[in-house]
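A.B. asks: This one is structure_8.txt, compact mmCIF, N, CA and C atoms.
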```
# COMPACT_ATOMS: atom_id res chain seq x y z
N MET A 1 142.93 -75.82 -62.92
CA MET A 1 142.95 -75.84 -64.37
C MET A 1 142.67 -74.43 -64.88
N GLN A 2 143.33 -74.10 -65.91
CA GLN A 2 143.11 -72.81 -66.55
C GLN A 2 142.49 -73.05 -67.92
N ILE A 3 141.45 -72.30 -68.23
CA ILE A 3 140.76 -72.41 -69.51
C ILE A 3 140.86 -71.06 -70.20
N THR A 4 141.15 -71.10 -71.48
CA THR A 4 141.26 -69.87 -72.27
C THR A 4 140.18 -69.87 -73.34
N ILE A 5 139.52 -68.73 -73.50
CA ILE A 5 138.56 -68.60 -74.59
C ILE A 5 138.99 -67.44 -75.47
N GLU A 6 138.62 -67.52 -76.72
CA GLU A 6 138.96 -66.46 -77.65
C GLU A 6 137.68 -65.82 -78.17
N LEU A 7 137.65 -64.51 -78.14
CA LEU A 7 136.53 -63.74 -78.68
C LEU A 7 137.09 -62.72 -79.65
N PRO A 8 136.37 -62.45 -80.72
CA PRO A 8 136.83 -61.41 -81.64
C PRO A 8 136.91 -60.06 -80.93
N ASP A 9 137.95 -59.31 -81.23
CA ASP A 9 138.17 -58.01 -80.58
C ASP A 9 137.00 -57.07 -80.75
N ASP A 10 136.38 -57.06 -81.92
CA ASP A 10 135.29 -56.12 -82.14
C ASP A 10 134.09 -56.44 -81.24
N ILE A 11 133.89 -57.71 -80.94
CA ILE A 11 132.80 -58.08 -80.03
C ILE A 11 133.17 -57.71 -78.59
N VAL A 12 134.39 -57.99 -78.20
CA VAL A 12 134.84 -57.66 -76.85
C VAL A 12 134.71 -56.16 -76.61
N ASN A 13 135.04 -55.37 -77.61
CA ASN A 13 134.96 -53.91 -77.46
C ASN A 13 133.52 -53.43 -77.33
N GLN A 14 132.56 -54.21 -77.79
CA GLN A 14 131.15 -53.83 -77.68
C GLN A 14 130.55 -54.22 -76.33
N LEU A 15 131.21 -55.12 -75.62
CA LEU A 15 130.67 -55.56 -74.33
C LEU A 15 130.79 -54.44 -73.30
N PRO A 16 129.75 -54.27 -72.50
CA PRO A 16 129.82 -53.20 -71.49
C PRO A 16 130.83 -53.55 -70.42
N PRO A 17 131.50 -52.56 -69.88
CA PRO A 17 132.45 -52.82 -68.80
C PRO A 17 131.69 -53.28 -67.55
N ASN A 18 132.27 -54.19 -66.81
CA ASN A 18 131.66 -54.70 -65.58
C ASN A 18 132.48 -54.26 -64.39
N ASN A 19 131.86 -54.35 -63.23
CA ASN A 19 132.59 -54.11 -61.99
C ASN A 19 133.49 -55.30 -61.65
N ILE A 20 133.15 -56.46 -62.20
CA ILE A 20 133.98 -57.64 -61.98
C ILE A 20 134.67 -58.01 -63.29
N SER A 21 135.73 -58.78 -63.17
CA SER A 21 136.47 -59.14 -64.37
C SER A 21 135.65 -60.09 -65.24
N ARG A 22 135.93 -60.08 -66.51
CA ARG A 22 135.21 -60.97 -67.43
C ARG A 22 135.49 -62.43 -67.10
N SER A 23 136.70 -62.75 -66.71
CA SER A 23 137.00 -64.14 -66.39
C SER A 23 136.21 -64.60 -65.16
N ARG A 24 136.04 -63.72 -64.19
CA ARG A 24 135.23 -64.05 -63.02
C ARG A 24 133.77 -64.28 -63.42
N ARG A 25 133.26 -63.42 -64.30
CA ARG A 25 131.87 -63.55 -64.73
C ARG A 25 131.64 -64.86 -65.49
N ILE A 26 132.59 -65.23 -66.32
CA ILE A 26 132.48 -66.50 -67.05
C ILE A 26 132.49 -67.67 -66.07
N LEU A 27 133.34 -67.60 -65.05
CA LEU A 27 133.38 -68.65 -64.03
C LEU A 27 132.03 -68.73 -63.30
N GLU A 28 131.44 -67.59 -62.99
CA GLU A 28 130.12 -67.58 -62.34
C GLU A 28 129.06 -68.23 -63.23
N LEU A 29 129.11 -67.91 -64.52
CA LEU A 29 128.13 -68.49 -65.44
C LEU A 29 128.30 -70.00 -65.54
N ILE A 30 129.53 -70.47 -65.56
CA ILE A 30 129.79 -71.91 -65.61
C ILE A 30 129.26 -72.58 -64.34
N ALA A 31 129.54 -71.98 -63.19
CA ALA A 31 129.07 -72.54 -61.92
C ALA A 31 127.55 -72.60 -61.87
N ALA A 32 126.89 -71.50 -62.22
CA ALA A 32 125.43 -71.45 -62.17
C ALA A 32 124.81 -72.45 -63.13
N ASP A 33 125.34 -72.54 -64.33
CA ASP A 33 124.79 -73.46 -65.33
C ASP A 33 124.94 -74.91 -64.88
N ASN A 34 126.09 -75.26 -64.36
CA ASN A 34 126.30 -76.64 -63.92
C ASN A 34 125.48 -76.98 -62.69
N TYR A 35 125.25 -76.01 -61.82
CA TYR A 35 124.36 -76.23 -60.67
C TYR A 35 122.93 -76.45 -61.16
N ARG A 36 122.50 -75.60 -62.07
CA ARG A 36 121.14 -75.69 -62.64
C ARG A 36 120.89 -77.06 -63.27
N ARG A 37 121.90 -77.60 -63.93
CA ARG A 37 121.76 -78.89 -64.60
C ARG A 37 121.96 -80.07 -63.65
N GLY A 38 122.29 -79.78 -62.40
CA GLY A 38 122.46 -80.84 -61.42
C GLY A 38 123.81 -81.54 -61.48
N CYS A 39 124.76 -80.94 -62.17
CA CYS A 39 126.10 -81.53 -62.29
C CYS A 39 126.93 -81.32 -61.04
N ILE A 40 126.71 -80.20 -60.37
CA ILE A 40 127.45 -79.89 -59.14
C ILE A 40 126.45 -79.39 -58.10
N GLY A 41 126.85 -79.46 -56.85
CA GLY A 41 126.02 -78.99 -55.76
C GLY A 41 126.46 -77.61 -55.28
N ALA A 42 125.74 -77.11 -54.30
CA ALA A 42 126.03 -75.78 -53.76
C ALA A 42 127.43 -75.71 -53.16
N ALA A 43 127.88 -76.80 -52.55
CA ALA A 43 129.22 -76.80 -51.96
C ALA A 43 130.30 -76.62 -53.03
N GLN A 44 130.09 -77.25 -54.18
CA GLN A 44 131.06 -77.11 -55.27
C GLN A 44 131.01 -75.70 -55.85
N VAL A 45 129.82 -75.12 -55.94
CA VAL A 45 129.70 -73.73 -56.40
C VAL A 45 130.48 -72.83 -55.45
N ARG A 46 130.30 -73.04 -54.17
CA ARG A 46 131.01 -72.23 -53.17
C ARG A 46 132.52 -72.33 -53.34
N ARG A 47 133.01 -73.55 -53.55
CA ARG A 47 134.45 -73.74 -53.75
C ARG A 47 134.93 -73.10 -55.03
N MET A 48 134.17 -73.29 -56.12
CA MET A 48 134.57 -72.73 -57.42
C MET A 48 134.73 -71.21 -57.34
N LEU A 49 133.78 -70.58 -56.64
CA LEU A 49 133.75 -69.12 -56.61
C LEU A 49 134.41 -68.54 -55.37
N ASN A 50 134.92 -69.41 -54.51
CA ASN A 50 135.58 -68.97 -53.28
C ASN A 50 134.66 -68.05 -52.46
N LEU A 51 133.42 -68.48 -52.29
CA LEU A 51 132.46 -67.69 -51.53
C LEU A 51 132.65 -67.99 -50.04
N SER A 52 132.35 -67.02 -49.19
CA SER A 52 132.69 -67.12 -47.78
C SER A 52 131.73 -67.96 -46.95
N SER A 53 130.51 -68.15 -47.43
CA SER A 53 129.55 -68.88 -46.62
C SER A 53 128.51 -69.57 -47.50
N ARG A 54 127.78 -70.46 -46.87
CA ARG A 54 126.68 -71.13 -47.56
C ARG A 54 125.63 -70.10 -47.97
N TRP A 55 125.39 -69.12 -47.11
CA TRP A 55 124.37 -68.09 -47.39
C TRP A 55 124.77 -67.23 -48.57
N GLU A 56 126.04 -66.91 -48.66
CA GLU A 56 126.52 -66.14 -49.81
C GLU A 56 126.34 -66.96 -51.10
N THR A 57 126.56 -68.27 -50.99
CA THR A 57 126.36 -69.15 -52.14
C THR A 57 124.90 -69.15 -52.57
N TYR A 58 123.99 -69.29 -51.60
CA TYR A 58 122.56 -69.28 -51.93
C TYR A 58 122.12 -67.95 -52.52
N GLU A 59 122.68 -66.85 -52.02
CA GLU A 59 122.38 -65.53 -52.59
C GLU A 59 122.84 -65.45 -54.04
N PHE A 60 124.03 -65.96 -54.30
CA PHE A 60 124.55 -65.98 -55.67
C PHE A 60 123.63 -66.79 -56.58
N LEU A 61 123.27 -68.01 -56.14
CA LEU A 61 122.42 -68.87 -56.96
C LEU A 61 121.05 -68.23 -57.21
N LYS A 62 120.53 -67.57 -56.20
CA LYS A 62 119.23 -66.88 -56.38
C LYS A 62 119.37 -65.75 -57.39
N ARG A 63 120.43 -64.97 -57.28
CA ARG A 63 120.66 -63.85 -58.20
C ARG A 63 120.79 -64.34 -59.64
N GLU A 64 121.38 -65.52 -59.80
CA GLU A 64 121.57 -66.11 -61.13
C GLU A 64 120.35 -66.92 -61.59
N LYS A 65 119.33 -66.98 -60.73
CA LYS A 65 118.13 -67.78 -61.02
C LYS A 65 118.52 -69.23 -61.34
N ALA A 66 119.46 -69.73 -60.56
CA ALA A 66 119.95 -71.10 -60.74
C ALA A 66 119.25 -71.99 -59.72
N TYR A 67 118.07 -72.44 -60.10
CA TYR A 67 117.27 -73.29 -59.23
C TYR A 67 117.34 -74.71 -59.72
N LEU A 68 117.36 -75.64 -58.78
CA LEU A 68 117.29 -77.04 -59.16
C LEU A 68 115.89 -77.35 -59.66
N PRO A 69 115.77 -78.23 -60.63
CA PRO A 69 114.44 -78.58 -61.12
C PRO A 69 113.63 -79.26 -60.01
N TYR A 70 112.39 -78.86 -59.86
CA TYR A 70 111.49 -79.43 -58.85
C TYR A 70 110.13 -79.55 -59.50
N THR A 71 109.73 -80.78 -59.82
CA THR A 71 108.51 -81.03 -60.57
C THR A 71 107.32 -81.23 -59.64
N GLU A 72 106.15 -81.30 -60.23
CA GLU A 72 104.95 -81.61 -59.46
C GLU A 72 105.05 -83.01 -58.86
N ASP A 73 105.68 -83.93 -59.57
CA ASP A 73 105.88 -85.28 -59.03
C ASP A 73 106.76 -85.23 -57.78
N ASP A 74 107.81 -84.38 -57.81
CA ASP A 74 108.66 -84.21 -56.64
C ASP A 74 107.83 -83.69 -55.46
N LEU A 75 106.97 -82.72 -55.73
CA LEU A 75 106.12 -82.15 -54.68
C LEU A 75 105.18 -83.22 -54.12
N ASP A 76 104.58 -84.01 -55.00
CA ASP A 76 103.68 -85.07 -54.55
C ASP A 76 104.42 -86.09 -53.67
N GLN A 77 105.63 -86.45 -54.07
CA GLN A 77 106.42 -87.40 -53.28
C GLN A 77 106.78 -86.82 -51.92
N ASP A 78 107.16 -85.54 -51.89
CA ASP A 78 107.48 -84.90 -50.62
C ASP A 78 106.26 -84.82 -49.71
N ALA A 79 105.11 -84.47 -50.28
CA ALA A 79 103.88 -84.38 -49.49
C ALA A 79 103.51 -85.75 -48.94
N GLN A 80 103.67 -86.79 -49.74
CA GLN A 80 103.37 -88.14 -49.28
C GLN A 80 104.32 -88.55 -48.16
N ALA A 81 105.59 -88.23 -48.30
CA ALA A 81 106.57 -88.58 -47.26
C ALA A 81 106.25 -87.86 -45.96
N ILE A 82 105.87 -86.60 -46.04
CA ILE A 82 105.51 -85.85 -44.83
C ILE A 82 104.27 -86.45 -44.20
N GLY A 83 103.29 -86.79 -45.05
CA GLY A 83 102.08 -87.43 -44.53
C GLY A 83 102.37 -88.74 -43.83
N ASN A 84 103.29 -89.52 -44.36
CA ASN A 84 103.66 -90.79 -43.74
C ASN A 84 104.32 -90.56 -42.39
N VAL A 85 105.17 -89.56 -42.30
CA VAL A 85 105.84 -89.27 -41.03
C VAL A 85 104.81 -88.80 -40.00
N LEU A 86 103.92 -87.91 -40.39
CA LEU A 86 102.91 -87.40 -39.46
C LEU A 86 101.95 -88.50 -39.02
N ALA A 87 101.66 -89.45 -39.88
CA ALA A 87 100.74 -90.54 -39.54
C ALA A 87 101.35 -91.47 -38.50
N LYS A 88 102.67 -91.54 -38.42
CA LYS A 88 103.35 -92.42 -37.46
C LYS A 88 103.39 -91.82 -36.07
N GLU A 89 103.12 -90.54 -35.94
CA GLU A 89 103.21 -89.88 -34.62
C GLU A 89 102.03 -90.17 -33.77
```
Using the file provided, produce a representation of the structure as structure tokens.
C.D. replies:
Amino acid sequence: MQITIELPDDIVNQLPPNNISRSRRILELIAADNYRRGCIGAAQVRRMLNLSSRWETYEFLKREKAYLPYTEDDLDQDAQAIGNVLAKE
């Protein structure tokens, strides 16, 4: 799918030049935002951006500060699950 956006010329002219194309940067922002919101996973980010490896994908997500939400309740549940596994040994 191709998506087109329109920006006023005067605003575009004020934007600093990037080493990457603006369309690529917009695609990266869309991927990071949707990952952050839990709409897509790392594998989909990798496919969207045509990244070469899982590690490159994780580096991208880290650079974009695109972390999945992890609450204290999540931590408590994980700690309890680990405790249950260790108690069975």
A.B. asks: DSSP on the backbone: which residues in chain A end up as alpha helix (DSSP H)? Give the answer as a ChimeraX atom specification.
C.D. replies: /A:9-14,22-36,42-49,54-63,72-88
A.B. asks: Do you know which residues are at most 8 Å from Glu28 of chain A counting only C-alpha atoms, after dropping those on the same chain fewer than 4 positions away, and could you put them as a list in words?
C.D. replies: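 Residues meeting the cut-off are Arg24, Ala32 and Leu49 of chain A.
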A.B. asks: Would you give the centre and edge lengths, in Å to one decimal, of a box along x, y and z around the listed atoms of segment 80-87 of chain A, with 6 Å added to each side, as AutoDock Vina command-line options?
C.D. replies:
```
--center_x 103.7 --center_y -88.7 --center_z -44.1 --size_x 17.8 --size_y 17.6 --size_z 23.2
```
A.B. asks: Distance atom CA of Asp10 of chain A-atom CA of Arg22 of chain A, one decimal place?
C.D. replies: 15.5 Å
A.B. asks: What does the structure give for the distance between atom CA of Gln80 of chain A and atom CA of Gly38 of chain A, in Å to one decimal?
C.D. replies: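 Taking atom CA of Gln80 of chain A as the start and atom CA of Gly38 of chain A as the end point, the length is 23.8 Å.
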A.B. asks: If you measure from atom N of Leu75 of chain A to atom CA of Ala87 of chain A, what distance in Å do you get, rounded to one decimal?
C.D. replies: 19.0 Å
